[in-house]
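Colleague: Here you go, one structure.
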Amino acid sequence: MTSSLDAVLAQYEKNKQTTSSTPRMSDEDRLKQYLAIALPKGVKSGEKRIRILPTTDGSSPFKEVYFHNTQVQGRWMKLYDPGKDSSGKPTGERSPLNEVEEALKLAGDEQSKELARQYRSQKFYIVKVIDRDNEADGVKFWRFKHNWRGDGPIDKIIPIWKNKGDITNPQEGRDLILVLQAVPLPGGRGEYTTVSSVMYEDPGKLSEDENQSKEWVTDERTWRDVYSQKPVEYLEAISKGAEPVWDNELKKYTYDDPSNKTNSTVNMSTTTKVDPQANDKVDEDLPF
């Protein structure tokens with residue numbers, strides 16, 4: 001009979017080998033997980049052909065998630081809002097940016113109410129797709145903003161679904177063609193890419209290779225596996241207008257609170273600081 005010691009040692013060796021043999025994902029491979037629709041600078045229009053993947057449990061492929069659009073060190077980022085569930089209701093988890101929004105709204109004056117809007121998280125949809133121009137990249141995640149006017153990508157996709165049936169069906173679904181257009185930002189501050197319309201192709205298989213089709217459909221990753229979710233202390237720093245910095249000794253983000261004379265960091269001058277999420281995707285696609 002094998003002793004428990006032998007079992008423990010065997011488990012340890014297996015886990016050690018697994019850990020050591022798992023290569024770190026390169027920045028190039030990391031970016032392949034996202035469907036990017038932004039047009040190159042100077043290009044005014046274009047197309048992107050995709051296939052939306054079905055879910056294994058029959059649920060909607062469009063996952064609703066709330067993010068804050070905010071600037072961090074001069075760059076636009078989408079920060080996951082832990083305080084709201086998929087329906088926008090409170091989760092009970094602390095959300096520092098939401099706290100600032102509520103405090104500003106309670107102030108009552110119009111200026112504070114206007115400022116509060118900058119701290120409000122917004123609903124986004126995330127859907128798993130295959131980029132037909134880059135099938136070798138495998139399953140990708142497409143995130144796009146909910147349009148309260150009813151003119152967003154999902155508002156252009158659902159009518160196709162209603163009229164043509166389940167477009168995610170692996171055997172008889174349809175590829176979609178996203179018609180892209182460059183739109184100028186207010187004040188001449190550049191351009192952003194919008195989905196001006198969505199067209200569809202004839203029914204067809206997800207892939208002629210059944211094994212490939214099965215691999216794509218059964219991909220178990222969710223949006224949580226590819227989009228970073230910053231910890232509460234990171235969000236707290238941003239809510240106070242401070243710069244979050246990773247502290248290796250404390251194993252968390254720290255910051256200098258500009259509203260408090262007391263430095264909230266510990267041994268900041270002697271601690272090595274390397275952000276473990278420094279290579280996470282940073283979005284420049286704010287407007288959509």
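Ligands are numbered from 1 in the order shown, chains are lettered A, B, ... in the order of the structure tokens, and residues start at 1 in each chain.
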Each residue of range 153-218 of chain A with at least one atom at most 8 Å from range 133-147 of chain A should appear once, together with its nearest atom pair and the corresponding distance in Å (one decimal); atoms considered: only C-alpha atoms; ordering: chain, then increasing residue number; output as a Markdown table.
Modeller:
| residue | atom | partner | partner_atom | distance |
| --- | --- | --- | --- | --- |
| A:Pro153 | CA | A:Phe144 | CA | 7.5 |
| A:Ile154 | CA | A:His146 | CA | 7.8 |
| A:Trp216 | CA | A:Val139 | CA | 6.2 |
Colleague: Could you take the residues named above and write them with N, CA, C and O atoms, as a CSV table (one decimal), in the first residue's frame?
Modeller:
chain,number,residue,atom,x,y,z
A,153,PRO,N,-23.6,48.0,-31.1
A,153,PRO,CA,-23.5,46.8,-31.8
A,153,PRO,C,-24.5,45.7,-31.5
A,153,PRO,O,-25.0,45.1,-32.5
A,154,ILE,N,-24.9,45.6,-30.3
A,154,ILE,CA,-25.9,44.5,-29.9
A,154,ILE,C,-27.2,44.9,-30.5
A,154,ILE,O,-28.0,44.0,-30.9
A,216,TRP,N,-13.2,25.2,-30.1
A,216,TRP,CA,-13.6,26.6,-30.0
A,216,TRP,C,-14.9,26.7,-29.1
A,216,TRP,O,-14.9,27.5,-28.2
Colleague: Find the residues of range 48-101 of chain A that sit at most 6 Å from range 173-196 of chain A; for each, write down the nearest two atoms and how far apart they are in Å, to one decimal. Count only C-alpha atoms. Sort by chain, then by number going up, and give it as a Markdown table.
Modeller:
| residue | atom | partner | partner_atom | distance |
| --- | --- | --- | --- | --- |
| A:Lys48 | CA | A:Leu178 | CA | 5.0 |
| A:Arg49 | CA | A:Ile177 | CA | 4.4 |
| A:Ile50 | CA | A:Leu176 | CA | 5.4 |
| A:Arg51 | CA | A:Asp175 | CA | 4.7 |
Colleague: So that I can check the secondary structure, give me every residue of range 9-225 of chain A assigned alpha helix (DSSP H) by backbone DSSP, as number ranges by chain.
Modeller: A: 9-21, 27-31, 96-107, 110-116, 153-164, 210-217, 223-225
Colleague: Can you measure CA of Asn169 in chain A to CA of Met199 in chain A for me? One decimal in Å is fine.
Modeller: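 Pair CA of Asn169 in chain A / CA of Met199 in chain A returns 17.1 Å.
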Colleague: In Å, with one decimal, what is the gap from CA of Arg224 in chain A to CA of Phe67 in chain A?
Modeller: 12.7 Å
Colleague: Please, which residues of range 160-197 of chain A, numbered as in this document, come out strand (DSSP E) from DSSP, as a PDB file with C-alpha atoms, in the first residue's frame?
Modeller:
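After the write, selection.pdb holds the following:
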ATOM      1  CA  LEU A 176     -21.277  38.626 -39.131  1.00  0.00           C
ATOM      2  CA  ILE A 177     -19.567  41.481 -40.935  1.00  0.00           C
ATOM      3  CA  LEU A 178     -18.960  44.514 -38.744  1.00  0.00           C
ATOM      4  CA  VAL A 179     -18.881  47.632 -40.892  1.00  0.00           C
ATOM      5  CA  LEU A 180     -16.445  50.018 -39.231  1.00  0.00           C
ATOM      6  CA  GLN A 181     -16.235  53.790 -39.483  1.00  0.00           C
ATOM      7  CA  ALA A 182     -13.814  56.352 -38.074  1.00  0.00           C
ATOM      8  CA  VAL A 183     -15.653  59.109 -36.207  1.00  0.00           C
ATOM      9  CA  PRO A 184     -13.982  62.354 -35.057  1.00  0.00           C
ATOM     10  CA  GLU A 191     -10.892  59.740 -33.967  1.00  0.00           C
ATOM     11  CA  TYR A 192     -12.446  56.561 -32.659  1.00  0.00           C
ATOM     12  CA  THR A 193     -13.896  53.526 -34.409  1.00  0.00           C
ATOM     13  CA  THR A 194     -17.584  52.741 -34.342  1.00  0.00           C
ATOM     14  CA  VAL A 195     -19.655  49.861 -35.747  1.00  0.00           C
ATOM     15  CA  SER A 196     -21.874  51.704 -38.205  1.00  0.00           C
ATOM     16  CA  SER A 197     -23.775  48.594 -39.304  1.00  0.00           C
TER      17      SER A 197
END
Colleague: For CA of Tyr34 in chain A and CA of Glu220 in chain A, determine how far apart the two atoms are, in Å to one decimal place.
Modeller: 15.6 Å
Colleague: Set the distance at 9 Å and use only C-alpha atoms: which residues neighbour Pro231 in chain A once local chain neighbours fewer than 5 positions away are removed? I'd like the list as a ChimeraX atom specification.
Modeller: /A:236,252-253
Colleague: What's around range 97-105 of chain A at 9 Å? Count only C-alpha atoms, leave out sequence neighbours fewer than 3 positions away in its own chain, and write the answer as a ChimeraX atom specification.
Modeller: /A:68,81,83,94,108-121,235-236,238-240
Colleague: Write the selection just made, keeping N, CA, C and O atoms, as an mmCIF file, in the first residue's frame?
Modeller:
data_model
loop_
_atom_site.group_PDB
_atom_site.id
_atom_site.type_symbol
_atom_site.label_atom_id
_atom_site.label_comp_id
_atom_site.auth_asym_id
_atom_site.auth_seq_id
_atom_site.Cartn_x
_atom_site.Cartn_y
_atom_site.Cartn_z
ATOM 1 N N HIS A 68 -15.613 51.116 -15.121
ATOM 2 C CA HIS A 68 -15.400 52.555 -15.069
ATOM 3 C C HIS A 68 -14.447 52.931 -16.188
ATOM 4 O O HIS A 68 -13.436 52.265 -16.392
ATOM 5 N N ASP A 81 -15.906 47.212 -12.133
ATOM 6 C CA ASP A 81 -16.641 47.698 -10.968
ATOM 7 C C ASP A 81 -17.125 46.501 -10.148
ATOM 8 O O ASP A 81 -18.072 45.817 -10.546
ATOM 9 N N GLY A 83 -18.715 46.575 -7.467
ATOM 10 C CA GLY A 83 -19.905 46.924 -6.698
ATOM 11 C C GLY A 83 -21.218 46.674 -7.404
ATOM 12 O O GLY A 83 -22.285 46.857 -6.806
ATOM 13 N N ARG A 94 -17.123 46.313 -1.772
ATOM 14 C CA ARG A 94 -16.730 47.710 -1.752
ATOM 15 C C ARG A 94 -16.257 48.164 -3.136
ATOM 16 O O ARG A 94 -15.515 47.458 -3.817
ATOM 17 N N GLY A 108 -25.569 67.594 -3.618
ATOM 18 C CA GLY A 108 -26.782 68.305 -4.010
ATOM 19 C C GLY A 108 -26.639 69.366 -5.071
ATOM 20 O O GLY A 108 -27.573 69.596 -5.845
ATOM 21 N N ASP A 109 -25.488 70.039 -5.164
ATOM 22 C CA ASP A 109 -25.352 71.118 -6.144
ATOM 23 C C ASP A 109 -25.114 70.544 -7.538
ATOM 24 O O ASP A 109 -24.648 69.411 -7.696
ATOM 25 N N GLU A 110 -25.423 71.341 -8.541
ATOM 26 C CA GLU A 110 -25.356 70.879 -9.920
ATOM 27 C C GLU A 110 -23.934 70.523 -10.356
ATOM 28 O O GLU A 110 -23.720 69.577 -11.101
ATOM 29 N N GLN A 111 -22.968 71.290 -9.869
ATOM 30 C CA GLN A 111 -21.578 71.005 -10.239
ATOM 31 C C GLN A 111 -21.143 69.634 -9.737
ATOM 32 O O GLN A 111 -20.483 68.879 -10.451
ATOM 33 N N SER A 112 -21.523 69.300 -8.499
ATOM 34 C CA SER A 112 -21.173 67.998 -7.933
ATOM 35 C C SER A 112 -21.883 66.872 -8.672
ATOM 36 O O SER A 112 -21.305 65.807 -8.917
ATOM 37 N N LYS A 113 -23.129 67.089 -9.022
ATOM 38 C CA LYS A 113 -23.882 66.074 -9.751
ATOM 39 C C LYS A 113 -23.249 65.803 -11.112
ATOM 40 O O LYS A 113 -23.190 64.661 -11.569
ATOM 41 N N GLU A 114 -22.790 66.865 -11.763
ATOM 42 C CA GLU A 114 -22.145 66.712 -13.065
ATOM 43 C C GLU A 114 -20.830 65.948 -12.920
ATOM 44 O O GLU A 114 -20.500 65.075 -13.723
ATOM 45 N N LEU A 115 -20.077 66.271 -11.864
ATOM 46 C CA LEU A 115 -18.817 65.595 -11.616
ATOM 47 C C LEU A 115 -19.036 64.123 -11.283
ATOM 48 O O LEU A 115 -18.217 63.258 -11.636
ATOM 49 N N ALA A 116 -20.144 63.828 -10.612
ATOM 50 C CA ALA A 116 -20.449 62.447 -10.218
ATOM 51 C C ALA A 116 -20.548 61.526 -11.429
ATOM 52 O O ALA A 116 -20.207 60.342 -11.351
ATOM 53 N N ARG A 117 -20.966 62.064 -12.554
ATOM 54 C CA ARG A 117 -21.121 61.247 -13.762
ATOM 55 C C ARG A 117 -19.788 60.678 -14.224
ATOM 56 O O ARG A 117 -19.746 59.609 -14.835
ATOM 57 N N GLN A 118 -18.701 61.380 -13.932
ATOM 58 C CA GLN A 118 -17.390 60.896 -14.329
ATOM 59 C C GLN A 118 -16.972 59.653 -13.550
ATOM 60 O O GLN A 118 -16.065 58.937 -13.966
ATOM 61 N N TYR A 119 -17.607 59.422 -12.406
ATOM 62 C CA TYR A 119 -17.263 58.270 -11.571
ATOM 63 C C TYR A 119 -18.251 57.116 -11.729
ATOM 64 O O TYR A 119 -18.101 56.080 -11.104
ATOM 65 N N ARG A 120 -19.262 57.298 -12.548
ATOM 66 C CA ARG A 120 -20.292 56.278 -12.727
ATOM 67 C C ARG A 120 -19.792 55.163 -13.641
ATOM 68 O O ARG A 120 -19.255 55.415 -14.720
ATOM 69 N N SER A 121 -19.953 53.930 -13.221
ATOM 70 C CA SER A 121 -19.572 52.808 -14.087
ATOM 71 C C SER A 121 -20.650 52.600 -15.146
ATOM 72 O O SER A 121 -21.814 52.961 -14.956
ATOM 73 N N LEU A 235 -8.349 50.669 -6.804
ATOM 74 C CA LEU A 235 -9.494 51.537 -7.094
ATOM 75 C C LEU A 235 -9.572 52.692 -6.104
ATOM 76 O O LEU A 235 -9.959 53.807 -6.460
ATOM 77 N N GLU A 236 -9.202 52.426 -4.861
ATOM 78 C CA GLU A 236 -9.213 53.462 -3.834
ATOM 79 C C GLU A 236 -8.213 54.566 -4.185
ATOM 80 O O GLU A 236 -8.503 55.764 -4.037
ATOM 81 N N ILE A 238 -7.165 55.429 -7.188
ATOM 82 C CA ILE A 238 -7.699 56.183 -8.316
ATOM 83 C C ILE A 238 -8.807 57.121 -7.852
ATOM 84 O O ILE A 238 -8.907 58.265 -8.303
ATOM 85 N N SER A 239 -9.645 56.674 -6.928
ATOM 86 C CA SER A 239 -10.753 57.498 -6.440
ATOM 87 C C SER A 239 -10.265 58.741 -5.710
ATOM 88 O O SER A 239 -10.977 59.735 -5.604
ATOM 89 N N LYS A 240 -9.021 58.697 -5.209
ATOM 90 C CA LYS A 240 -8.454 59.830 -4.481
ATOM 91 C C LYS A 240 -7.478 60.638 -5.320
ATOM 92 O O LYS A 240 -6.776 61.514 -4.818
#
Colleague: So that I can check the surroundings of range 164-167 of chain A, please list as a VMD selection string every protein, DNA and RNA residue that reaches within 12 Å of it, counting only C-alpha atoms and ignoring chain neighbours fewer than 6 positions away.
Modeller: chain A and resid 50 to 55 58 60 to 61 129 157 to 158 173 to 176 199 to 206
Colleague: Show me, as an MDAnalysis selection string, the residues that have an atom within 10 Å of Thr222 in chain A when counting only C-alpha atoms, minus same-chain residues fewer than 3 positions from it.
Modeller: chainID A and resid 63 126:128 141 219 225:227
Colleague: Using only C-alpha atoms, find the one residue out of A:Ser213, A:Glu233, A:Leu106, A:Pro90 that sits nearest to Leu250 in chain A.
Modeller: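 So, comparing all the options, the nearest one is A:Glu233.
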